[in-house]
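Raw structure_14.txt, compact mmCIF, C-alpha atoms:
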```
# COMPACT_ATOMS: atom_id res chain seq x y z
CA MET A 1 131.42 111.67 137.02
CA ASN A 2 131.41 115.05 135.32
CA CYS A 3 128.95 116.36 132.74
CA ASP A 4 131.20 115.74 129.70
CA LEU A 5 131.72 112.11 130.60
CA CYS A 6 128.04 111.68 131.41
CA ARG A 7 126.98 113.08 128.01
CA GLU A 8 129.33 110.66 126.29
CA LYS A 9 127.50 107.80 127.97
CA LEU A 10 123.96 109.08 127.43
CA ASP A 11 123.35 107.28 124.12
CA ALA A 12 124.30 103.94 125.67
CA TYR A 13 122.24 104.91 128.74
CA VAL A 14 119.02 105.43 126.77
CA ASP A 15 119.80 102.28 124.77
CA GLU A 16 120.07 100.31 128.04
CA SER A 17 123.52 99.19 127.00
CA LEU A 18 125.69 100.47 129.84
CA PRO A 19 127.46 97.99 132.09
CA ALA A 20 126.10 97.97 135.66
CA GLU A 21 128.94 100.05 137.13
CA GLU A 22 128.66 102.79 134.53
CA LEU A 23 124.88 102.71 134.78
CA ALA A 24 125.10 103.40 138.50
CA ALA A 25 127.57 106.23 137.91
CA VAL A 26 125.37 107.87 135.25
CA ASP A 27 122.26 107.36 137.39
CA GLY A 28 124.04 109.05 140.28
CA HIS A 29 125.13 111.99 138.15
CA LEU A 30 121.66 112.43 136.64
CA ARG A 31 120.13 112.64 140.10
CA ASP A 32 122.39 115.58 140.93
CA CYS A 33 122.54 117.35 137.58
CA PRO A 34 119.29 118.77 136.17
CA SER A 35 121.01 119.78 132.94
CA CYS A 36 122.23 116.26 132.12
CA ALA A 37 118.92 114.79 133.32
CA THR A 38 117.08 117.06 130.88
CA GLU A 39 119.44 115.98 128.11
CA ALA A 40 118.88 112.30 128.98
CA LEU A 41 115.12 112.77 128.88
CA ALA A 42 115.36 114.58 125.55
CA ARG A 43 117.40 111.75 124.05
CA LEU A 44 114.92 109.21 125.35
CA GLN A 45 112.07 111.21 123.83
CA LEU A 46 113.88 111.40 120.52
CA LYS A 47 114.47 107.63 120.56
CA ARG A 48 110.78 107.00 121.20
CA ALA A 49 109.65 109.52 118.61
CA THR A 50 112.00 107.93 116.08
CA ARG A 51 110.61 104.49 116.81
CA ALA A 52 107.06 105.73 116.26
CA ALA A 53 107.94 107.63 113.09
CA ALA A 54 110.10 104.91 111.58
CA ALA A 55 107.44 102.18 111.66
CA ARG A 56 106.10 103.59 108.44
CA PHE A 57 105.94 101.06 105.63
CA SER A 58 103.86 97.88 105.50
CA PRO A 59 104.06 95.25 102.79
CA SER A 60 100.95 95.00 100.65
CA PRO A 61 98.86 91.81 100.89
CA GLU A 62 99.69 91.16 97.21
CA PHE A 63 103.43 91.28 97.91
CA ARG A 64 103.05 89.00 100.92
CA LEU A 65 101.15 86.47 98.79
CA ARG A 66 103.72 86.74 96.05
CA MET A 67 106.52 86.07 98.53
CA GLU A 68 104.77 83.09 100.06
CA SER A 69 104.13 81.69 96.64
CA ALA A 70 107.76 82.25 95.59
CA ILE A 71 109.04 80.47 98.66
CA GLN A 72 106.63 77.59 98.12
CA LYS A 73 107.86 77.24 94.55
CA LYS A 74 111.43 77.13 95.75
CA ARG A 75 110.57 74.22 98.02
CA ARG A 76 108.29 72.11 95.77
CA PRO A 77 110.55 71.15 92.83
CA ILE A 78 113.39 70.42 95.20
CA SER A 79 111.33 67.81 96.99
CA LYS A 80 110.85 65.84 93.76
CA ILE A 81 114.48 65.82 92.81
CA ALA A 82 116.63 64.84 95.73
CA TRP A 83 116.44 64.16 99.41
CA ALA A 84 119.34 66.30 100.61
CA PRO A 85 118.09 69.65 99.30
CA TRP A 86 114.58 68.72 100.38
CA LEU A 87 115.76 68.05 103.89
CA SER A 88 117.69 71.28 103.84
CA ALA A 89 114.62 73.25 102.75
CA ALA A 90 112.48 71.49 105.34
CA ALA A 91 115.03 72.28 108.03
CA VAL A 92 115.03 75.91 106.95
CA ALA A 93 111.25 76.02 107.06
CA LEU A 94 111.18 74.43 110.50
CA VAL A 95 113.80 76.76 111.88
CA LEU A 96 112.05 79.79 110.39
CA ILE A 97 108.76 78.69 111.88
CA ALA A 98 110.39 77.95 115.24
CA VAL A 99 112.23 81.27 115.36
CA SER A 100 109.14 83.13 114.25
CA SER A 101 106.81 81.44 116.70
CA THR A 102 109.28 81.83 119.59
CA LEU A 103 109.61 85.53 118.94
CA LEU A 104 105.87 85.96 118.52
CA THR A 105 105.21 83.98 121.68
CA ARG A 106 107.71 86.02 123.68
CA HIS A 107 106.21 89.25 122.42
CA ALA A 108 102.67 88.06 123.16
CA GLU A 109 103.67 86.91 126.66
CA ARG A 110 105.27 90.24 127.41
CA GLU A 111 102.24 92.16 126.12
CA GLN A 112 100.00 89.94 128.23
CA ALA A 113 102.11 90.42 131.37
CA VAL A 114 102.13 94.20 130.98
CA ALA A 115 98.40 94.25 130.22
CA GLU A 116 97.68 92.17 133.30
CA LEU A 117 99.66 94.46 135.59
CA LEU A 118 98.06 97.50 133.98
CA ASP A 119 94.64 95.98 134.66
CA MET A 120 95.63 95.45 138.31
CA HIS A 121 96.73 99.07 138.58
CA VAL A 122 93.49 100.37 137.05
CA ALA A 123 91.40 98.02 139.23
CA THR A 124 93.26 99.31 142.30
CA LEU A 125 92.47 102.91 141.41
CA ALA A 126 88.80 102.04 140.89
CA SER A 127 88.53 100.18 144.19
CA THR A 128 87.06 101.78 147.30
CA ASN A 129 89.75 99.95 149.29
CA PRO A 130 92.75 100.23 147.02
CA VAL A 131 95.30 99.01 149.59
CA ASP A 132 95.27 96.57 152.52
CA VAL A 133 97.78 98.48 154.61
CA VAL A 134 97.02 102.19 154.61
CA SER A 135 99.98 104.24 155.71
CA THR A 136 102.33 106.92 154.48
CA ASP A 137 105.05 105.52 156.73
CA ARG A 138 107.42 103.10 155.02
CA HIS A 139 108.25 101.64 158.45
CA THR A 140 104.62 100.57 158.73
CA VAL A 141 104.09 99.38 155.16
CA LYS A 142 107.23 97.27 154.77
CA PRO A 143 106.79 95.23 158.00
CA TRP A 144 103.17 94.53 157.02
CA PHE A 145 104.47 92.25 154.26
CA GLN A 146 106.59 90.19 156.66
CA GLY A 147 105.43 86.58 156.65
CA LYS A 148 103.28 87.22 153.60
CA LEU A 149 106.06 87.26 151.03
CA PRO A 150 109.03 84.93 150.47
CA PHE A 151 111.28 87.99 150.00
CA THR A 152 111.81 91.46 151.41
CA PHE A 153 112.46 94.84 149.81
CA ASN A 154 113.45 98.37 150.76
CA LEU A 155 111.26 101.41 150.40
CA PRO A 156 112.76 104.83 149.71
CA GLU A 157 112.76 107.78 152.07
CA LEU A 158 110.29 110.18 150.46
CA GLN A 159 110.58 113.15 152.78
CA ASP A 160 112.42 115.31 150.25
CA SER A 161 110.57 114.08 147.19
CA GLN A 162 107.22 114.89 145.60
CA PHE A 163 106.02 111.32 146.00
CA LYS A 164 103.83 110.17 148.84
CA LEU A 165 103.36 106.56 149.92
CA LEU A 166 99.68 105.59 150.26
CA GLY A 167 100.04 101.95 151.26
CA GLY A 168 100.31 98.47 149.85
CA LYS A 169 98.65 95.14 149.33
CA LEU A 170 99.44 91.55 148.55
CA ILE A 171 98.98 90.42 144.94
CA TYR A 172 99.33 87.15 143.10
CA PHE A 173 100.94 87.24 139.71
CA ASN A 174 101.73 84.13 137.69
CA HIS A 175 100.73 82.10 140.77
CA ASN A 176 103.37 83.80 142.92
CA PRO A 177 102.84 86.27 145.75
CA GLY A 178 104.09 89.79 145.29
CA ALA A 179 103.70 93.31 146.63
CA GLN A 180 101.77 96.17 145.11
CA LEU A 181 102.64 99.54 146.55
CA LEU A 182 100.64 102.64 145.83
CA PHE A 183 102.22 106.08 145.62
CA GLU A 184 100.77 109.50 144.90
CA LEU A 185 102.25 112.34 142.91
CA ARG A 186 100.14 115.46 142.60
CA LYS A 187 96.74 113.98 141.58
CA HIS A 188 98.25 110.89 139.95
CA GLN A 189 98.70 107.50 141.50
CA LEU A 190 101.55 105.15 140.73
CA SER A 191 101.61 101.40 141.31
CA VAL A 192 104.83 99.59 142.05
CA PHE A 193 104.70 95.82 141.61
CA ILE A 194 107.47 93.73 143.16
CA VAL A 195 107.69 90.00 142.48
CA GLN A 196 110.41 87.42 142.48
CA ASN A 197 112.26 87.35 139.18
CA GLN A 198 111.94 83.66 138.44
CA PRO A 199 113.06 82.20 135.11
CA GLY A 200 110.06 82.20 132.82
CA GLY A 201 108.03 84.01 135.47
CA LEU A 202 107.70 87.46 134.00
CA PRO A 203 108.65 87.72 130.33
CA LEU A 204 109.56 91.39 130.49
CA GLY A 205 113.19 91.25 129.44
CA SER A 206 116.18 92.40 131.43
CA GLY A 207 117.59 95.77 132.38
CA VAL A 208 115.64 98.98 132.66
CA ARG A 209 112.83 99.08 130.14
CA GLN A 210 110.41 101.91 129.59
CA THR A 211 107.28 101.86 127.48
CA SER A 212 104.18 103.96 127.16
CA GLU A 213 100.82 102.79 125.96
CA ASN A 214 97.22 103.90 126.27
CA GLY A 215 98.36 106.95 128.18
CA PHE A 216 100.12 104.85 130.83
CA SER A 217 103.86 104.72 131.30
CA GLU A 218 105.68 101.67 132.54
CA GLU A 219 109.23 101.11 133.70
CA THR A 220 110.59 97.74 134.70
CA TRP A 221 113.92 96.40 135.85
CA THR A 222 115.41 93.66 137.95
CA GLU A 223 117.41 94.17 141.14
CA SER A 224 118.73 91.54 143.52
CA GLY A 225 116.51 88.80 142.14
CA LEU A 226 113.36 90.91 142.25
CA ARG A 227 111.36 92.25 139.34
CA TYR A 228 110.07 95.79 139.75
CA VAL A 229 107.35 97.25 137.53
CA VAL A 230 106.17 100.85 137.94
CA ILE A 231 102.96 101.84 136.13
CA SER A 232 101.14 105.14 136.09
CA ASP A 233 99.45 107.75 133.97
CA ALA A 234 101.67 110.37 135.62
CA GLY A 235 104.08 110.49 132.68
CA ALA A 236 107.30 108.73 131.81
CA ALA A 237 109.53 111.24 133.62
CA ASP A 238 107.62 110.86 136.88
CA VAL A 239 107.58 107.07 136.56
CA HIS A 240 111.31 107.21 135.99
CA GLY A 241 111.74 109.48 139.01
CA LEU A 242 110.02 107.04 141.33
CA SER A 243 111.90 104.15 139.73
CA ASP A 244 115.19 105.89 140.49
CA LEU A 245 114.21 106.30 144.13
CA LEU A 246 113.27 102.61 144.37
CA ARG A 247 116.52 101.53 142.71
CA ALA A 248 118.53 103.66 145.09
CA ALA A 249 116.64 102.23 148.09
CA ALA A 250 117.18 98.66 146.86
CA ARG A 251 120.94 99.22 146.74
CA GLN A 252 121.14 100.50 150.31
CA MET B 1 108.38 84.33 106.99
CA PRO B 2 110.02 85.68 110.15
CA HIS B 3 110.68 89.41 110.27
CA PHE B 4 109.01 89.81 106.86
CA ALA B 5 107.08 93.01 107.61
CA ARG B 6 109.94 94.57 109.56
CA LEU B 7 112.49 93.71 106.89
CA TYR B 8 110.19 95.30 104.33
CA ASN B 9 109.98 98.49 106.40
CA PHE B 10 113.77 98.52 106.77
CA ALA B 11 114.19 97.90 103.03
CA CYS B 12 111.86 100.82 102.24
CA TRP B 13 113.99 103.11 104.38
CA LEU B 14 117.17 101.91 102.69
CA THR B 15 115.93 102.12 99.12
CA GLN B 16 113.33 104.88 99.57
CA ASP B 17 111.35 103.13 96.87
CA ARG B 18 108.62 100.55 97.46
CA ALA B 19 109.19 98.55 94.29
CA ALA B 20 112.93 98.39 94.94
CA ALA B 21 112.21 97.40 98.55
CA GLU B 22 110.01 94.50 97.40
CA ASP B 23 112.77 93.27 95.10
CA LEU B 24 115.29 93.63 97.90
CA VAL B 25 113.19 91.66 100.41
CA GLN B 26 112.42 88.93 97.91
CA GLU B 27 116.05 88.55 96.91
CA SER B 28 117.13 88.51 100.55
CA PHE B 29 114.70 85.75 101.50
CA VAL B 30 115.77 83.67 98.51
CA LYS B 31 119.41 84.13 99.52
CA ALA B 32 118.56 83.25 103.12
CA LEU B 33 116.88 80.02 102.03
CA LYS B 34 119.73 79.10 99.73
CA GLY B 35 122.44 80.03 102.18
CA PHE B 36 120.91 78.72 105.36
CA SER B 37 123.83 76.35 105.73
CA SER B 38 126.03 79.39 106.36
CA PHE B 39 123.91 80.36 109.34
CA GLN B 40 125.72 79.19 112.45
CA GLN B 41 123.44 77.66 115.03
CA GLY B 42 123.55 79.54 118.29
CA THR B 43 124.25 82.87 116.62
CA ASN B 44 121.67 85.57 116.16
CA PHE B 45 119.18 84.77 113.40
CA ARG B 46 117.74 88.28 113.20
CA ALA B 47 121.17 89.88 112.83
CA TRP B 48 122.01 87.29 110.17
CA ILE B 49 118.96 88.00 107.99
CA TYR B 50 119.33 91.77 108.34
CA ARG B 51 122.92 91.38 107.28
CA ILE B 52 121.85 89.49 104.17
CA LEU B 53 119.35 92.21 103.31
CA ARG B 54 121.89 94.96 103.85
CA ASN B 55 124.56 93.23 101.80
CA THR B 56 122.03 92.65 99.04
CA PHE B 57 121.16 96.34 99.14
CA LEU B 58 124.82 97.34 98.94
CA THR B 59 125.30 95.36 95.76
CA SER B 60 122.05 96.61 94.17
CA GLN B 61 121.74 99.60 91.87
CA ALA B 62 120.14 101.65 94.63
CA GLY B 63 122.87 100.70 97.07
CA LEU B 64 125.63 101.57 94.65
CA LYS B 65 124.06 104.99 94.25
CA ALA B 66 124.13 105.61 98.01
CA THR B 67 125.87 108.91 98.43
CA VAL B 68 128.06 107.97 101.41
CA PRO B 69 130.29 104.90 101.47
CA LEU B 70 128.79 102.73 104.16
CA ASP B 71 131.94 101.89 106.03
CA SER B 72 133.72 105.22 106.01
CA ASP B 73 133.26 106.34 109.58
CA ASP B 74 136.74 107.64 110.14
CA ASP B 75 136.43 110.45 107.64
CA ALA B 76 132.79 111.21 108.30
CA PRO B 77 132.16 114.95 108.46
CA SER B 78 131.63 116.31 111.93
CA GLU B 79 128.19 117.67 112.59
CA PRO B 80 127.50 121.19 113.80
CA ALA B 81 126.60 121.69 117.46
CA THR B 82 122.88 121.59 118.14
CA THR B 83 122.56 123.19 121.50
CA GLU B 84 120.62 126.28 120.53
CA THR B 85 117.18 124.90 121.42
CA PRO B 86 116.34 122.51 124.28
CA GLU B 87 115.35 119.29 122.60
CA SER B 88 112.48 118.61 124.91
CA VAL B 89 110.85 121.83 123.74
CA LEU B 90 111.79 121.15 120.18
CA LEU B 91 110.42 117.64 120.13
CA ALA B 92 107.07 118.75 121.41
CA ARG B 93 106.68 120.73 118.22
CA VAL B 94 108.22 118.29 115.83
CA GLU B 95 105.68 116.39 113.82
CA GLN B 96 106.13 112.73 113.00
CA GLN B 97 106.60 113.75 109.39
CA THR B 98 109.51 115.95 110.38
CA ILE B 99 111.26 113.00 111.96
CA GLN B 100 110.56 110.90 108.88
CA LYS B 101 111.95 113.65 106.68
CA ALA B 102 115.06 113.89 108.83
CA LEU B 103 115.53 110.13 108.59
CA GLU B 104 115.19 110.32 104.81
CA GLU B 105 117.82 113.04 104.65
CA LEU B 106 120.35 111.19 106.77
CA PRO B 107 123.17 109.41 104.98
CA VAL B 108 122.21 105.78 104.59
CA ASN B 109 124.86 104.53 107.06
CA TYR B 110 123.42 106.81 109.75
CA ARG B 111 119.83 105.98 108.83
CA GLU B 112 120.30 102.24 109.03
CA ILE B 113 122.04 102.26 112.41
CA ILE B 114 119.35 104.46 113.95
CA LEU B 115 116.65 102.16 112.56
CA LEU B 116 118.33 99.03 113.88
CA CYS B 117 118.80 100.56 117.33
CA ASP B 118 115.67 102.64 117.86
CA LEU B 119 113.07 100.82 115.76
CA GLU B 120 114.29 97.23 115.81
CA GLU B 121 115.62 97.63 119.36
CA MET B 122 118.70 95.59 118.53
CA SER B 123 121.45 95.42 121.12
CA TYR B 124 124.84 96.88 120.17
CA GLN B 125 126.05 93.29 119.80
CA GLU B 126 123.30 92.49 117.31
CA ILE B 127 123.94 95.69 115.37
CA SER B 128 127.62 94.79 115.27
CA GLN B 129 126.70 91.45 113.70
CA ALA B 130 124.10 92.87 111.30
CA LEU B 131 126.39 95.59 109.97
CA ALA B 132 129.59 93.55 110.30
CA ILE B 133 131.37 96.32 112.21
CA PRO B 134 133.11 96.30 115.61
CA MET B 135 131.20 97.29 118.76
CA GLY B 136 133.27 100.46 119.12
CA THR B 137 132.23 101.55 115.63
CA VAL B 138 128.60 100.83 116.48
CA MET B 139 128.78 103.25 119.40
CA SER B 140 130.69 105.98 117.58
CA ARG B 141 128.56 105.75 114.46
CA LEU B 142 125.36 105.79 116.48
CA SER B 143 126.54 108.85 118.35
CA ARG B 144 127.33 110.67 115.09
CA ALA B 145 124.06 109.55 113.54
CA ARG B 146 122.00 110.91 116.41
CA LYS B 147 123.92 114.14 116.40
CA ALA B 148 123.20 114.49 112.69
CA MET B 149 119.54 113.67 113.34
CA ARG B 150 119.29 116.32 116.06
CA SER B 151 120.95 118.78 113.74
CA LEU B 152 118.43 118.08 110.98
CA LEU B 153 115.53 118.36 113.40
CA THR B 154 116.80 121.65 114.77
CA ALA B 155 117.22 123.01 111.24
CA GLY B 156 113.76 121.71 110.28
CA SER B 157 112.19 123.27 113.34
CA GLY B 158 113.86 126.62 112.65
CA GLY B 159 112.47 126.61 109.14
CA THR B 160 108.90 126.02 110.20
CA GLU B 161 108.73 128.45 113.06
CA GLY B 162 106.49 131.37 112.41
```
Show how you would write the structure in this file as structure tokens.
Amino acid sequence: MNCDLCREKLDAYVDESLPAEELAAVDGHLRDCPSCATEALARLQLKRATRAAAARFSPSPEFRLRMESAIQKKRRPISKIAWAPWLSAAAVALVLIAVSSTLLTRHAEREQAVAELLDMHVATLASTNPVDVVSTDRHTVKPWFQGKLPFTFNLPELQDSQFKLLGGKLIYFNHNPGAQLLFELRKHQLSVFIVQNQPGGLPLGSGVRQTSENGFSEETWTESGLRYVVISDAGAADVHGLSDLLRAAARQ
Amino acid sequence: MPHFARLYNFACWLTQDRAAAEDLVQESFVKALKGFSSFQQGTNFRAWIYRILRNTFLTSQAGLKATVPLDSDDDAPSEPATTETPESVLLARVEQQTIQKALEELPVNYREIILLCDLEEMSYQEISQALAIPMGTVMSRLSRARKAMRSLLTAGSGGTEG
């Protein structure tokens, strides 16, 4: 892939809307091309800044009350007149409530899952024994999980990168065993959580997803039936850098 | 009332007037309740209700005054190149207000597609349904909209540099 073609795909790339094949091609190009990688990061930053700036207007409590009252009025007289419209209005209300509560529940579950993993990351950093297997050698850390997890995963070769592996430990998340790996970049530490991507297990959505909150950045994606979540205060670009290395290793 | 607050925010950006936005949201919800039978089960509810709001806006006074016809992508003016400043450096200096100002200055068809994608995090498929345009148009319009946005931000940044 050349730079022109890559730039054409960058909007869809930051919108997580590229098909898998094109995503891999763009990922590959971005690893080798600092100029396009800078452009991709800039577009991602603009998207995030736009999201923050655009959430600007909130309805007043008076307007909300007025709306609720208006909708109530629409329903009440109908119920006295005929069954069919009443049933229709009731069905609408039920569907609206169901849709609303499903969306709210999904959002709340996702927030809870992220918060829980963030808590685990912070607790790990605060611990005097942050990892159970202490080693910078991936050939020591990976085998340590054998027999402890119902799945296996690849760790990237870090010799030519800024990241350093510190070790790993077994975690339980949503009643399922998983791996937490700890990496270091400069003075920052990054946690990588790997769990099985079971339906309803981790409500984090699909595809690559990046968020930042409370000074921590998070990137999550699924690969070969596993859910990866990278969390750190090292910054979104560094989190993305480690995520890229992990994705590449998983595809080997 | 699902999506009430977000629809209100979207309506404010479309109309750029709070009173008009309230009217628009109220009218859209009334239409949604009345026309629920036209909502096809299994299709996207969010895209459906945003589409109602947008169509209501287009037929309102404010919508009729919109300076750019909403479905005229083919003859949209091309935007100037914006490569003079690295965006990462630019964005560090750009205040939230500058982004809001740029959004306000965008033609409404560019503004709405950026809001649906970046703020509402709709997929291209959902945007296609909400705006009633093909997927290819979603991608090309979004690309033009972001280019225009970057252009406005670059111009805004140049004007405030001291």
Interface residues on chain A facing chain B, 6 Å, only C-alpha atoms, written as a list of chain:residue names: A:Ala42, A:Lys47, A:Arg51, A:Ala53, A:Phe57, A:Ser100
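A straight line drawn from CA of Phe163 in chain A to CA of Phe183 in chain A is 6.5 Å long.
A straight line drawn from CA of Ala49 in chain A to CA of Leu153 in chain B is 11.8 Å long.
Relative to CA of Leu10 in chain A, CA of Leu44 in chain A is found at 9.3 Å.
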Range 143-154 of chain A environment, 9 Å, all atoms listed in the file, sequence neighbours closer than 4 positions dropped, as number ranges by chain: A: 133, 138-139, 168-170, 177-179, 194-196, 226, 246, 249-252
